[in-house]
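Engineer: my_file21.tsv (TSV, C-alpha atoms) pasted underneath:
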```
chain	number	residue	atom	x	y	z
A	586	MET	CA	107.31	-37.15	-27.68
A	587	ILE	CA	107.46	-40.38	-29.62
A	588	LEU	CA	107.98	-40.28	-33.32
A	589	ALA	CA	107.94	-42.91	-36.02
A	590	ARG	CA	106.86	-45.91	-34.04
A	591	PRO	CA	104.86	-47.78	-36.62
A	592	GLY	CA	103.11	-50.07	-34.17
A	593	ARG	CA	101.56	-47.18	-32.36
A	594	TRP	CA	100.22	-45.10	-35.19
A	595	ILE	CA	96.65	-46.22	-34.64
A	596	VAL	CA	96.80	-45.09	-31.03
A	597	GLY	CA	98.40	-41.88	-32.22
A	598	ARG	CA	95.60	-41.27	-34.69
A	599	LEU	CA	92.95	-41.93	-32.08
A	600	ILE	CA	94.62	-39.41	-29.82
A	601	LEU	CA	94.80	-36.95	-32.70
A	602	ALA	CA	91.12	-37.51	-33.41
A	603	LEU	CA	90.30	-36.78	-29.78
A	604	LEU	CA	92.49	-33.71	-29.94
A	605	ALA	CA	90.67	-32.61	-33.07
A	606	LEU	CA	87.33	-33.08	-31.31
A	607	SER	CA	88.46	-30.83	-28.51
A	608	SER	CA	90.10	-28.39	-30.87
A	609	ALA	CA	87.38	-25.78	-30.56
A	610	SER	CA	88.22	-25.18	-26.94
A	611	ALA	CA	91.93	-25.69	-27.64
A	612	CYS	CA	91.92	-22.81	-30.10
A	613	PHE	CA	90.72	-20.42	-27.46
A	614	ALA	CA	93.10	-21.89	-24.92
A	615	VAL	CA	95.99	-21.23	-27.28
A	616	SER	CA	95.18	-17.58	-27.69
A	617	GLN	CA	95.11	-17.30	-23.94
A	618	ILE	CA	98.43	-19.07	-23.38
A	619	ASP	CA	100.37	-16.94	-25.82
A	620	THR	CA	100.50	-13.54	-24.21
A	621	PHE	CA	102.10	-11.62	-27.00
A	622	GLU	CA	102.00	-7.86	-27.13
A	623	PHE	CA	101.44	-6.02	-30.36
A	624	SER	CA	102.14	-2.37	-30.93
A	625	ASP	CA	99.32	-1.99	-33.42
A	626	GLU	CA	96.36	-3.82	-34.82
A	627	VAL	CA	97.85	-4.39	-38.27
A	628	GLN	CA	100.76	-6.31	-36.74
A	629	GLU	CA	98.42	-8.46	-34.72
A	630	ARG	CA	96.24	-9.15	-37.72
A	631	ARG	CA	99.27	-10.15	-39.77
A	632	TYR	CA	100.50	-12.43	-36.98
A	633	ARG	CA	97.12	-14.13	-36.70
A	634	ALA	CA	96.81	-14.53	-40.47
A	635	LEU	CA	100.28	-16.07	-40.66
A	636	ILE	CA	99.80	-18.60	-37.87
A	637	ASP	CA	96.52	-19.54	-39.55
A	638	GLU	CA	98.35	-20.07	-42.80
A	639	PHE	CA	101.07	-22.55	-41.77
A	640	ARG	CA	100.67	-26.20	-41.02
A	641	CYS	CA	102.10	-27.52	-37.78
A	642	PRO	CA	104.98	-29.85	-38.79
A	643	LYS	CA	104.12	-32.26	-36.03
A	644	CYS	CA	100.42	-32.59	-36.72
A	645	LEU	CA	98.60	-34.45	-39.45
A	646	ASN	CA	96.48	-31.51	-40.44
A	647	THR	CA	96.33	-28.62	-38.01
A	648	ASN	CA	97.64	-25.15	-38.49
A	649	LEU	CA	100.01	-23.39	-36.14
A	650	ALA	CA	97.18	-21.41	-34.60
A	651	GLY	CA	95.17	-24.48	-33.72
A	652	SER	CA	97.86	-26.79	-32.41
A	653	ASP	CA	99.07	-27.32	-28.87
A	654	ALA	CA	102.12	-29.30	-29.97
A	655	PRO	CA	105.31	-27.87	-28.44
A	656	ILE	CA	106.76	-27.23	-31.88
A	657	ALA	CA	103.67	-25.22	-32.84
A	658	GLN	CA	104.07	-23.09	-29.73
A	659	ASP	CA	107.71	-22.53	-30.61
A	660	LEU	CA	106.89	-21.65	-34.19
A	661	ARG	CA	104.25	-19.17	-33.07
A	662	LYS	CA	106.98	-17.49	-31.05
A	663	VAL	CA	109.17	-17.47	-34.14
A	664	VAL	CA	106.41	-15.91	-36.24
A	665	TYR	CA	105.85	-13.32	-33.51
A	666	ARG	CA	109.56	-12.53	-33.39
A	667	LEU	CA	109.80	-12.20	-37.17
A	668	VAL	CA	106.69	-10.06	-37.51
A	669	VAL	CA	106.93	-7.82	-34.46
A	670	ILE	CA	110.57	-7.64	-33.42
A	671	GLU	CA	112.37	-8.13	-36.72
A	672	ALA	CA	109.62	-6.45	-38.78
A	673	LYS	CA	109.78	-8.96	-41.62
A	674	ALA	CA	107.34	-8.96	-44.51
A	675	ASP	CA	104.82	-11.80	-44.78
A	676	GLN	CA	106.69	-13.38	-47.66
A	677	GLU	CA	109.94	-13.33	-45.66
A	678	VAL	CA	108.21	-15.20	-42.83
A	679	ARG	CA	106.94	-17.78	-45.34
A	680	ASP	CA	110.41	-18.21	-46.78
A	681	TYR	CA	111.93	-18.53	-43.31
A	682	LEU	CA	109.65	-21.40	-42.37
A	683	GLN	CA	109.83	-23.06	-45.77
A	684	VAL	CA	113.61	-23.12	-45.76
A	685	ARG	CA	113.61	-24.90	-42.41
A	686	TYR	CA	110.55	-27.12	-42.54
A	687	GLY	CA	110.03	-27.61	-46.25
A	688	ASP	CA	106.93	-27.34	-48.41
A	689	PHE	CA	105.00	-29.32	-45.80
A	690	VAL	CA	104.34	-26.24	-43.65
A	691	LEU	CA	102.69	-24.46	-46.56
A	692	TYR	CA	99.08	-25.40	-47.15
A	693	ASP	CA	99.44	-23.86	-50.58
A	694	PRO	CA	102.23	-25.94	-52.13
A	695	PRO	CA	104.50	-24.40	-54.77
A	696	PHE	CA	104.80	-25.87	-58.24
A	697	ASN	CA	108.13	-27.68	-58.43
A	698	ALA	CA	109.75	-30.95	-59.42
A	699	ARG	CA	108.38	-32.77	-56.38
A	700	THR	CA	104.87	-31.34	-56.38
A	701	TRP	CA	104.01	-30.94	-60.07
A	702	TYR	CA	101.69	-33.94	-60.19
A	703	ILE	CA	99.34	-32.65	-57.50
A	704	TRP	CA	98.73	-29.68	-59.78
A	705	VAL	CA	98.78	-31.48	-63.11
A	706	VAL	CA	96.76	-34.60	-62.30
A	707	PRO	CA	93.45	-32.83	-61.49
A	708	ILE	CA	93.73	-30.69	-64.63
A	709	GLY	CA	94.58	-33.81	-66.64
A	710	LEU	CA	91.63	-35.71	-65.20
A	711	GLY	CA	89.36	-32.77	-65.99
A	712	LEU	CA	90.55	-32.73	-69.60
A	713	LEU	CA	90.09	-36.49	-69.80
A	714	GLY	CA	86.53	-36.09	-68.54
A	715	VAL	CA	85.78	-33.47	-71.18
A	716	LEU	CA	87.19	-35.77	-73.88
A	717	VAL	CA	85.10	-38.70	-72.65
A	718	ILE	CA	81.93	-36.59	-72.64
A	719	LEU	CA	82.65	-35.25	-76.13
A	720	GLY	CA	83.32	-38.78	-77.35
A	721	LEU	CA	80.05	-40.09	-75.91
A	722	GLN	CA	78.13	-37.23	-77.47
A	723	ARG	CA	79.67	-37.85	-80.85
A	724	ARG	CA	78.72	-41.49	-80.62
A	725	VAL	CA	75.11	-40.65	-79.81
A	726	THR	CA	74.77	-38.15	-82.66
A	727	GLY	CA	76.54	-40.61	-84.97
A	728	GLN	CA	73.87	-43.21	-84.25
A	729	ARG	CA	71.13	-40.77	-85.14
A	730	THR	CA	72.33	-40.19	-88.68
A	731	VAL	CA	72.71	-43.83	-89.60
A	732	LEU	CA	69.39	-44.23	-91.43
A	733	ASP	CA	69.45	-43.28	-95.11
A	734	SER	CA	66.34	-42.16	-96.98
A	735	SER	CA	65.18	-45.61	-98.13
A	736	GLN	CA	65.58	-46.98	-94.60
A	737	GLN	CA	63.61	-44.02	-93.29
A	738	ALA	CA	60.81	-44.73	-95.73
A	739	ARG	CA	60.75	-48.36	-94.73
A	740	LEU	CA	60.75	-47.44	-91.05
A	741	ARG	CA	57.89	-45.03	-91.60
A	742	SER	CA	55.87	-47.68	-93.35
A	743	ILE	CA	56.50	-50.13	-90.50
A	744	VAL	CA	55.51	-47.59	-87.88
A	745	GLN	CA	52.43	-46.55	-89.82
A	746	GLY	CA	51.51	-50.12	-90.45
A	747	THR	CA	51.77	-51.28	-86.84
A	748	ALA	CA	50.68	-48.12	-84.99
A	749	ALA	CA	48.07	-46.34	-87.01
A	750	ALA	CA	47.53	-43.80	-84.26
A	751	ASP	CA	51.11	-42.54	-84.58
A	752	ALA	CA	51.05	-40.96	-87.96
A	753	ASP	CA	54.31	-39.08	-87.47
A	754	GLY	CA	57.16	-41.49	-88.21
A	755	THR	CA	60.03	-39.37	-86.85
A	756	ALA	CA	59.36	-40.45	-83.28
A	757	GLY	CA	60.28	-44.01	-84.17
A	758	ALA	CA	63.52	-43.03	-85.91
A	759	LYS	CA	64.97	-41.91	-82.59
A	760	ASN	CA	65.08	-45.42	-81.32
A	761	PRO	CA	68.58	-46.70	-82.11
A	762	GLU	CA	67.53	-50.32	-81.65
A	763	THR	CA	65.59	-50.25	-84.89
A	764	LYS	CA	68.50	-49.37	-87.14
A	765	SER	CA	70.05	-52.84	-87.24
B	1279	MET	CA	78.83	-50.69	-77.35
B	1280	ASN	CA	80.80	-53.91	-77.05
B	1281	ARG	CA	80.77	-56.15	-74.06
B	1282	ALA	CA	84.34	-55.49	-72.89
B	1283	SER	CA	83.72	-51.79	-72.44
B	1284	LEU	CA	81.09	-52.62	-69.82
B	1285	PHE	CA	84.01	-53.45	-67.55
B	1286	VAL	CA	85.55	-49.99	-67.83
B	1287	PRO	CA	83.72	-48.63	-64.74
B	1288	LEU	CA	84.82	-51.67	-62.76
B	1289	GLY	CA	88.39	-51.04	-63.89
B	1290	VAL	CA	88.20	-47.42	-62.82
B	1291	PHE	CA	86.77	-48.48	-59.48
B	1292	VAL	CA	89.57	-50.99	-58.89
B	1293	LEU	CA	92.11	-48.34	-59.88
B	1294	ILE	CA	90.68	-45.92	-57.32
B	1295	LEU	CA	90.69	-48.66	-54.67
B	1296	THR	CA	94.31	-49.44	-55.45
B	1297	LEU	CA	95.33	-45.79	-55.29
B	1298	GLY	CA	93.54	-45.41	-51.99
B	1299	TYR	CA	95.10	-48.54	-50.56
B	1300	VAL	CA	98.60	-47.53	-51.60
B	1301	GLY	CA	98.03	-43.96	-50.45
B	1302	PHE	CA	96.89	-44.93	-47.00
B	1303	ASP	CA	99.59	-47.56	-46.79
B	1304	LEU	CA	102.40	-45.03	-47.27
B	1305	GLY	CA	102.40	-45.21	-43.52
B	1306	ALA	CA	105.43	-43.23	-42.43
B	1307	ARG	CA	103.59	-39.91	-42.36
B	1308	SER	CA	105.59	-38.81	-39.33
B	1309	GLU	CA	108.72	-38.77	-41.44
B	1310	LEU	CA	108.48	-35.38	-42.97
B	1311	PRO	CA	111.05	-34.93	-45.72
B	1312	SER	CA	113.77	-32.65	-44.48
B	1313	ALA	CA	114.20	-29.36	-46.26
B	1314	LEU	CA	117.92	-29.68	-45.49
B	1315	ILE	CA	118.76	-32.77	-47.53
B	1316	ASN	CA	121.69	-32.03	-49.84
B	1317	LYS	CA	121.91	-28.55	-48.37
B	1318	PRO	CA	124.51	-27.19	-45.98
B	1319	PHE	CA	123.82	-27.65	-42.30
B	1320	PRO	CA	122.72	-24.29	-40.87
B	1321	GLU	CA	125.22	-21.93	-39.31
B	1322	PHE	CA	125.06	-21.92	-35.54
B	1323	ASN	CA	126.91	-20.88	-32.45
B	1324	ALA	CA	125.89	-22.99	-29.49
B	1325	ARG	CA	127.11	-23.38	-25.96
B	1326	LEU	CA	128.25	-26.76	-24.72
B	1327	LEU	CA	126.13	-28.59	-22.22
B	1328	GLY	CA	127.65	-28.21	-18.75
B	1329	ARG	CA	130.42	-25.97	-20.10
B	1330	PRO	CA	128.58	-22.75	-20.88
B	1331	GLU	CA	131.80	-20.81	-21.24
B	1332	GLN	CA	132.65	-22.89	-24.30
B	1333	SER	CA	130.77	-22.76	-27.58
B	1334	ILE	CA	131.19	-24.35	-30.98
B	1335	THR	CA	130.04	-23.35	-34.43
B	1336	ARG	CA	129.28	-25.12	-37.67
B	1337	ASP	CA	132.95	-24.84	-38.68
B	1338	ASP	CA	133.92	-27.15	-35.82
B	1339	LEU	CA	131.91	-29.95	-37.43
B	1340	LEU	CA	133.66	-29.76	-40.79
B	1341	GLY	CA	136.47	-31.99	-42.05
B	1342	GLN	CA	134.90	-35.31	-41.18
B	1343	PRO	CA	131.46	-36.95	-41.33
B	1344	THR	CA	129.26	-36.08	-38.38
B	1345	LEU	CA	126.12	-37.51	-36.87
B	1346	VAL	CA	124.05	-34.79	-35.25
B	1347	ASN	CA	121.61	-36.40	-32.83
B	1348	VAL	CA	118.77	-34.37	-31.32
B	1349	TRP	CA	117.76	-35.74	-27.93
B	1350	ALA	CA	116.23	-34.87	-24.59
B	1351	THR	CA	115.65	-36.53	-21.27
B	1352	TRP	CA	111.88	-36.08	-21.65
B	1353	CYS	CA	111.91	-38.25	-24.75
B	1354	PRO	CA	111.57	-41.98	-24.04
B	1355	THR	CA	112.49	-42.93	-27.59
B	1356	CYS	CA	115.80	-41.15	-27.11
B	1357	LEU	CA	116.56	-43.52	-24.27
B	1358	SER	CA	115.65	-46.54	-26.36
B	1359	GLU	CA	118.01	-45.48	-29.15
B	1360	HIS	CA	120.80	-44.58	-26.75
B	1361	GLU	CA	122.34	-48.01	-26.67
B	1362	GLN	CA	122.60	-48.01	-30.45
B	1363	LEU	CA	124.34	-44.63	-30.36
B	1364	MET	CA	126.75	-45.94	-27.72
B	1365	GLN	CA	127.52	-48.86	-30.01
B	1366	ILE	CA	128.08	-46.57	-32.99
B	1367	ALA	CA	130.44	-44.47	-30.89
B	1368	ALA	CA	132.32	-47.58	-29.79
B	1369	THR	CA	132.64	-49.32	-33.16
B	1370	THR	CA	133.06	-46.47	-35.65
B	1371	ASP	CA	135.15	-43.35	-35.91
B	1372	VAL	CA	132.27	-41.10	-36.92
B	1373	GLN	CA	131.96	-37.92	-34.90
B	1374	ILE	CA	128.69	-37.82	-32.96
B	1375	VAL	CA	127.39	-34.48	-31.78
B	1376	GLY	CA	124.36	-34.25	-29.52
B	1377	VAL	CA	121.83	-31.45	-29.46
B	1378	ASN	CA	120.14	-31.40	-26.09
B	1379	TYR	CA	116.79	-30.10	-27.25
B	1380	LYS	CA	114.43	-28.15	-24.96
B	1381	ASP	CA	115.77	-29.81	-21.88
B	1382	ARG	CA	117.19	-28.91	-18.49
B	1383	PRO	CA	121.01	-29.06	-18.39
B	1384	ASP	CA	121.15	-30.62	-14.92
B	1385	LYS	CA	118.81	-33.41	-15.97
B	1386	ALA	CA	120.70	-33.92	-19.21
B	1387	LEU	CA	124.07	-34.20	-17.46
B	1388	ARG	CA	122.69	-36.71	-14.99
B	1389	TRP	CA	121.18	-38.70	-17.88
B	1390	LEU	CA	124.55	-38.86	-19.66
B	1391	ALA	CA	126.32	-39.89	-16.45
B	1392	GLN	CA	123.79	-42.66	-15.94
B	1393	PHE	CA	123.47	-44.07	-19.45
B	1394	GLY	CA	126.82	-43.14	-20.99
B	1395	ASN	CA	127.94	-40.39	-23.32
B	1396	PRO	CA	128.42	-41.27	-26.99
B	1397	TYR	CA	128.85	-37.61	-27.99
B	1398	ARG	CA	131.98	-35.70	-28.77
B	1399	TRP	CA	130.10	-32.53	-27.95
B	1400	VAL	CA	126.63	-31.90	-26.62
B	1401	LEU	CA	125.11	-28.57	-27.58
B	1402	ASP	CA	122.85	-26.88	-25.10
B	1403	ASP	CA	119.65	-25.99	-26.98
B	1404	ARG	CA	117.35	-25.49	-24.04
B	1405	ASP	CA	115.10	-22.99	-25.85
B	1406	GLY	CA	114.93	-25.06	-29.05
B	1407	LEU	CA	116.19	-22.28	-31.32
B	1408	LEU	CA	118.92	-24.37	-32.90
B	1409	GLY	CA	116.29	-27.04	-33.38
B	1410	ILE	CA	114.18	-24.62	-35.40
B	1411	GLU	CA	117.18	-23.73	-37.56
B	1412	MET	CA	117.55	-27.46	-38.24
B	1413	GLY	CA	113.85	-27.99	-38.94
B	1414	VAL	CA	113.48	-30.24	-35.90
B	1415	TYR	CA	109.91	-30.87	-34.81
B	1416	GLY	CA	110.40	-33.48	-32.14
B	1417	ALA	CA	112.97	-35.82	-30.75
B	1418	PRO	CA	114.83	-37.91	-31.55
B	1419	GLU	CA	116.02	-36.74	-34.92
B	1420	THR	CA	119.38	-37.55	-36.42
B	1421	PHE	CA	121.24	-35.82	-39.25
B	1422	LEU	CA	124.20	-37.22	-41.13
B	1423	LEU	CA	126.61	-34.58	-42.41
B	1424	ASP	CA	129.45	-35.16	-44.82
B	1425	ALA	CA	132.88	-33.64	-44.29
B	1426	ARG	CA	131.81	-30.44	-46.05
B	1427	GLY	CA	128.92	-29.98	-43.66
B	1428	GLU	CA	126.17	-30.94	-46.09
B	1429	VAL	CA	123.22	-32.93	-44.81
B	1430	VAL	CA	123.14	-36.24	-46.67
B	1431	TYR	CA	120.55	-38.05	-44.57
B	1432	LYS	CA	118.01	-37.39	-41.89
B	1433	ARG	CA	116.23	-39.84	-39.64
B	1434	VAL	CA	113.10	-38.82	-37.76
B	1435	GLY	CA	112.65	-41.27	-34.93
B	1436	ASP	CA	115.01	-43.67	-33.25
B	1437	ILE	CA	118.20	-45.15	-34.60
B	1438	ASN	CA	117.45	-48.82	-34.10
B	1439	PRO	CA	119.43	-51.84	-35.31
B	1440	ARG	CA	117.32	-52.07	-38.46
B	1441	ILE	CA	117.85	-48.42	-39.39
B	1442	TRP	CA	121.51	-48.74	-38.55
B	1443	ARG	CA	121.96	-51.75	-40.81
B	1444	SER	CA	119.84	-50.66	-43.73
B	1445	GLU	CA	120.21	-46.87	-43.82
B	1446	LEU	CA	122.93	-45.48	-41.64
B	1447	ALA	CA	125.85	-47.89	-41.85
B	1448	PRO	CA	125.90	-48.02	-45.68
B	1449	ARG	CA	125.95	-44.23	-45.83
B	1450	LEU	CA	128.72	-44.02	-43.25
B	1451	LEU	CA	130.79	-46.47	-45.27
B	1452	GLN	CA	130.14	-44.41	-48.36
B	1453	LEU	CA	131.46	-41.35	-46.55
B	1454	GLY	CA	134.64	-43.24	-45.66
B	1455	VAL	CA	133.87	-43.96	-42.03
B	1456	SER	CA	135.49	-47.14	-40.83
B	1457	ILE	CA	133.22	-49.52	-38.96
B	1458	ALA	CA	134.76	-52.20	-36.78
B	1459	GLY	CA	133.62	-55.68	-37.74
B	1460	SER	CA	132.07	-54.56	-41.02
B	1461	ASP	CA	132.55	-56.84	-44.01
B	1462	ALA	CA	132.19	-56.40	-47.72
B	1463	ASP	CA	128.41	-56.63	-47.90
B	1464	GLY	CA	127.82	-53.78	-45.52
B	1465	ALA	CA	127.97	-53.05	-41.85
B	1466	ARG	CA	127.35	-55.79	-39.41
B	1467	GLN	CA	127.42	-55.37	-35.69
B	1468	PRO	CA	130.25	-57.33	-34.08
```
Give the structure from the file, written as structure tokens.
Structural biologist:
Amino acid sequence: MILARPGRWIVGRLILALLALSSASACFAVSQIDTFEFSDEVQERRYRALIDEFRCPKCLNTNLAGSDAPIAQDLRKVVYRLVVIEAKADQEVRDYLQVRYGDFVLYDPPFNARTWYIWVVPIGLGLLGVLVILGLQRRVTGQRTVLDSSQQARLRSIVQGTAAADADGTAGAKNPETKS
Amino acid sequence: MNRASLFVPLGVFVLILTLGYVGFDLGARSELPSALINKPFPEFNARLLGRPEQSITRDDLLGQPTLVNVWATWCPTCLSEHEQLMQIAATTDVQIVGVNYKDRPDKALRWLAQFGNPYRWVLDDRDGLLGIEMGVYGAPETFLLDARGEVVYKRVGDINPRIWRSELAPRLLQLGVSIAGSDADGARQP
């Protein structure tokens, strides 16, 4: 159990990647290791939903259900105890883990002073995108209305003079290059 | 469209690169921010290692700054930080309390006899339940408590000379702990 040894993080990540690759079998292994007894199906379903919901504090990105880390095993026991023995509501279990392990264990982070930007930045970028698109559109339509009537007449005469086949002058007016 | 605005996409691209570089470079992912910082240390009632008839509670830690060090014999990093803890015990008057986390008491006692015991008390947390109260997810982890029992600092990983100098010693001085051989510009090992 080695934590925070900067020189070894690459090795650690490789190991984690290998663990992730074998996670399909690990998931099943986990459900076999934990021999919990449930008095009814609802309890079991709640337990499974909850361990799916929390992130293992030790892992980069694995939930409690999918992790073989010792702390994940312990926390599964805690969730079992809270749900089955102490008959806590789902929200009480969430609060219990959040108080001890912080927002990190929640995949769905709350909106607070430390996390506001992960909520606000995407919305802000979206708004910015809308503004940029509106601005571009306005510019394009603005270019279309530049020609006044005398310019239009001149343009038409040019187009008719050079391309006799194209009798309709409006097609040429769409080309912004001709305005200046 | 003027010429300068042609560089806007390049600027955006560089900005994204920079964000990505900085984001991936915030390396210390393993240091999860503690939910306990600036909050009171959790209530507990734990038996002492090797003296199961005796137990201490949170109240026993109050009245002076305390280092709570989570360790185990199965944790090699705990052994590598042990010398630093011995030195802290020898050169400061901070109270150091060990939490023997998910370990076997006989092994732990032998370990302390072999490598020395920097702890005033060692709590026996063989099932890791106290660890869960503290938000521990591995070992070693070290908490610094002020005299009122509030967590002012948490270190995930070993207490090495660098951490001692840059993070721990200044905070101990701030809490009024006297450090032998320390001078005005901070703590220096004698």
Engineer: So which one's closest to chain A, B:Asp1338, B:Asp1384, B:Asp1402, B:Asp1303? Using only C-alpha atoms, please.
Structural biologist: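 Answer, going by the shortest atom-to-atom distance: B:Asp1303.
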Engineer: List the spatial neighbours of range 1347-1352 of chain B as a VMD selection string - criterion: any atom at most 7 Å away, all atoms listed in the file, same-chain residues fewer than 3 positions off excluded.
Structural biologist: chain B and resid 1356 1375 to 1381 1385 to 1386 1389 1417 to 1421
Engineer: Quick check: residues of chain B within 8 Å of chain A, all atoms listed in the file, returned as a PDB file with C-alpha atoms, in the coordinates of the input.
Structural biologist:
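File selection_2.pdb, as written:
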```
ATOM      1  CA  GLY B1305     102.400 -45.210 -43.520  1.00  0.00           C
ATOM      2  CA  ALA B1306     105.430 -43.230 -42.430  1.00  0.00           C
ATOM      3  CA  ARG B1307     103.590 -39.910 -42.360  1.00  0.00           C
ATOM      4  CA  SER B1308     105.590 -38.810 -39.330  1.00  0.00           C
ATOM      5  CA  GLU B1309     108.720 -38.770 -41.440  1.00  0.00           C
ATOM      6  CA  LEU B1310     108.480 -35.380 -42.970  1.00  0.00           C
ATOM      7  CA  PRO B1311     111.050 -34.930 -45.720  1.00  0.00           C
ATOM      8  CA  SER B1312     113.770 -32.650 -44.480  1.00  0.00           C
ATOM      9  CA  ALA B1313     114.200 -29.360 -46.260  1.00  0.00           C
ATOM     10  CA  LEU B1314     117.920 -29.680 -45.490  1.00  0.00           C
ATOM     11  CA  TRP B1352     111.880 -36.080 -21.650  1.00  0.00           C
ATOM     12  CA  CYS B1353     111.910 -38.250 -24.750  1.00  0.00           C
ATOM     13  CA  PRO B1354     111.570 -41.980 -24.040  1.00  0.00           C
ATOM     14  CA  THR B1355     112.490 -42.930 -27.590  1.00  0.00           C
ATOM     15  CA  GLY B1406     114.930 -25.060 -29.050  1.00  0.00           C
ATOM     16  CA  ILE B1410     114.180 -24.620 -35.400  1.00  0.00           C
ATOM     17  CA  GLU B1411     117.180 -23.730 -37.560  1.00  0.00           C
ATOM     18  CA  MET B1412     117.550 -27.460 -38.240  1.00  0.00           C
ATOM     19  CA  GLY B1413     113.850 -27.990 -38.940  1.00  0.00           C
ATOM     20  CA  VAL B1414     113.480 -30.240 -35.900  1.00  0.00           C
ATOM     21  CA  TYR B1415     109.910 -30.870 -34.810  1.00  0.00           C
ATOM     22  CA  GLY B1416     110.400 -33.480 -32.140  1.00  0.00           C
ATOM     23  CA  ALA B1417     112.970 -35.820 -30.750  1.00  0.00           C
ATOM     24  CA  PRO B1418     114.830 -37.910 -31.550  1.00  0.00           C
ATOM     25  CA  VAL B1434     113.100 -38.820 -37.760  1.00  0.00           C
ATOM     26  CA  GLY B1435     112.650 -41.270 -34.930  1.00  0.00           C
ATOM     27  CA  ASP B1436     115.010 -43.670 -33.250  1.00  0.00           C
TER      28      ASP B1436
END
```
Engineer: Find the residues near Arg1398 in chain B: any atom within 12 Å, counting all atoms listed in the file, skip ones fewer than 6 places away on the same chain, and give them as a ChimeraX atom specification.
Structural biologist: /B:1326-1327,1334,1338-1339,1344-1347,1363-1364,1367-1368,1371-1377
Engineer: May I have the residues within 8 Å of Arg661 in chain A as a PDB file with C-alpha atoms, keeping the file's coordinate frame, using only C-alpha atoms and disregarding those fewer than 3 positions away in the same chain?
Structural biologist:
```pdb
ATOM      1  CA  ILE A 636      99.800 -18.600 -37.870  1.00  0.00           C
ATOM      2  CA  LEU A 649     100.010 -23.390 -36.140  1.00  0.00           C
ATOM      3  CA  ALA A 650      97.180 -21.410 -34.600  1.00  0.00           C
ATOM      4  CA  ALA A 657     103.670 -25.220 -32.840  1.00  0.00           C
ATOM      5  CA  GLN A 658     104.070 -23.090 -29.730  1.00  0.00           C
ATOM      6  CA  VAL A 664     106.410 -15.910 -36.240  1.00  0.00           C
ATOM      7  CA  TYR A 665     105.850 -13.320 -33.510  1.00  0.00           C
TER       8      TYR A 665
END
```
Engineer: Hey, can you check how far CA of Leu1453 in chain B sits from CA of Arg1440 in chain B?
Structural biologist: 19.5 Å
Engineer: CA of Ala1458 in chain B to CA of Ile1366 in chain B: how many Å, to one decimal?
Structural biologist: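 If I compute the distance from CA of Ala1458 in chain B to CA of Ile1366 in chain B, I get 9.5 Å.
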Engineer: To one decimal in Å, tell me the separation between CA of Gln1452 in chain B and CA of Gln1342 in chain B.
Structural biologist: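 About the pair CA of Gln1452 in chain B and CA of Gln1342 in chain B: they are 12.5 Å apart.
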Engineer: Compile the contact shell of Gly1454 in chain B as a list of chain:residue names: residues with an atom at most 12 Å away, counting all atoms listed in the file, same-chain residues fewer than 3 positions apart removed.
Structural biologist: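 My list of contacting residues is B:Gly1341, B:Gln1342, B:Pro1343, B:Thr1344, B:Thr1370, B:Asp1371, B:Val1372, B:Asp1424, B:Ala1425, B:Ala1447, B:Pro1448, B:Arg1449, B:Leu1450, B:Leu1451, B:Ile1457.
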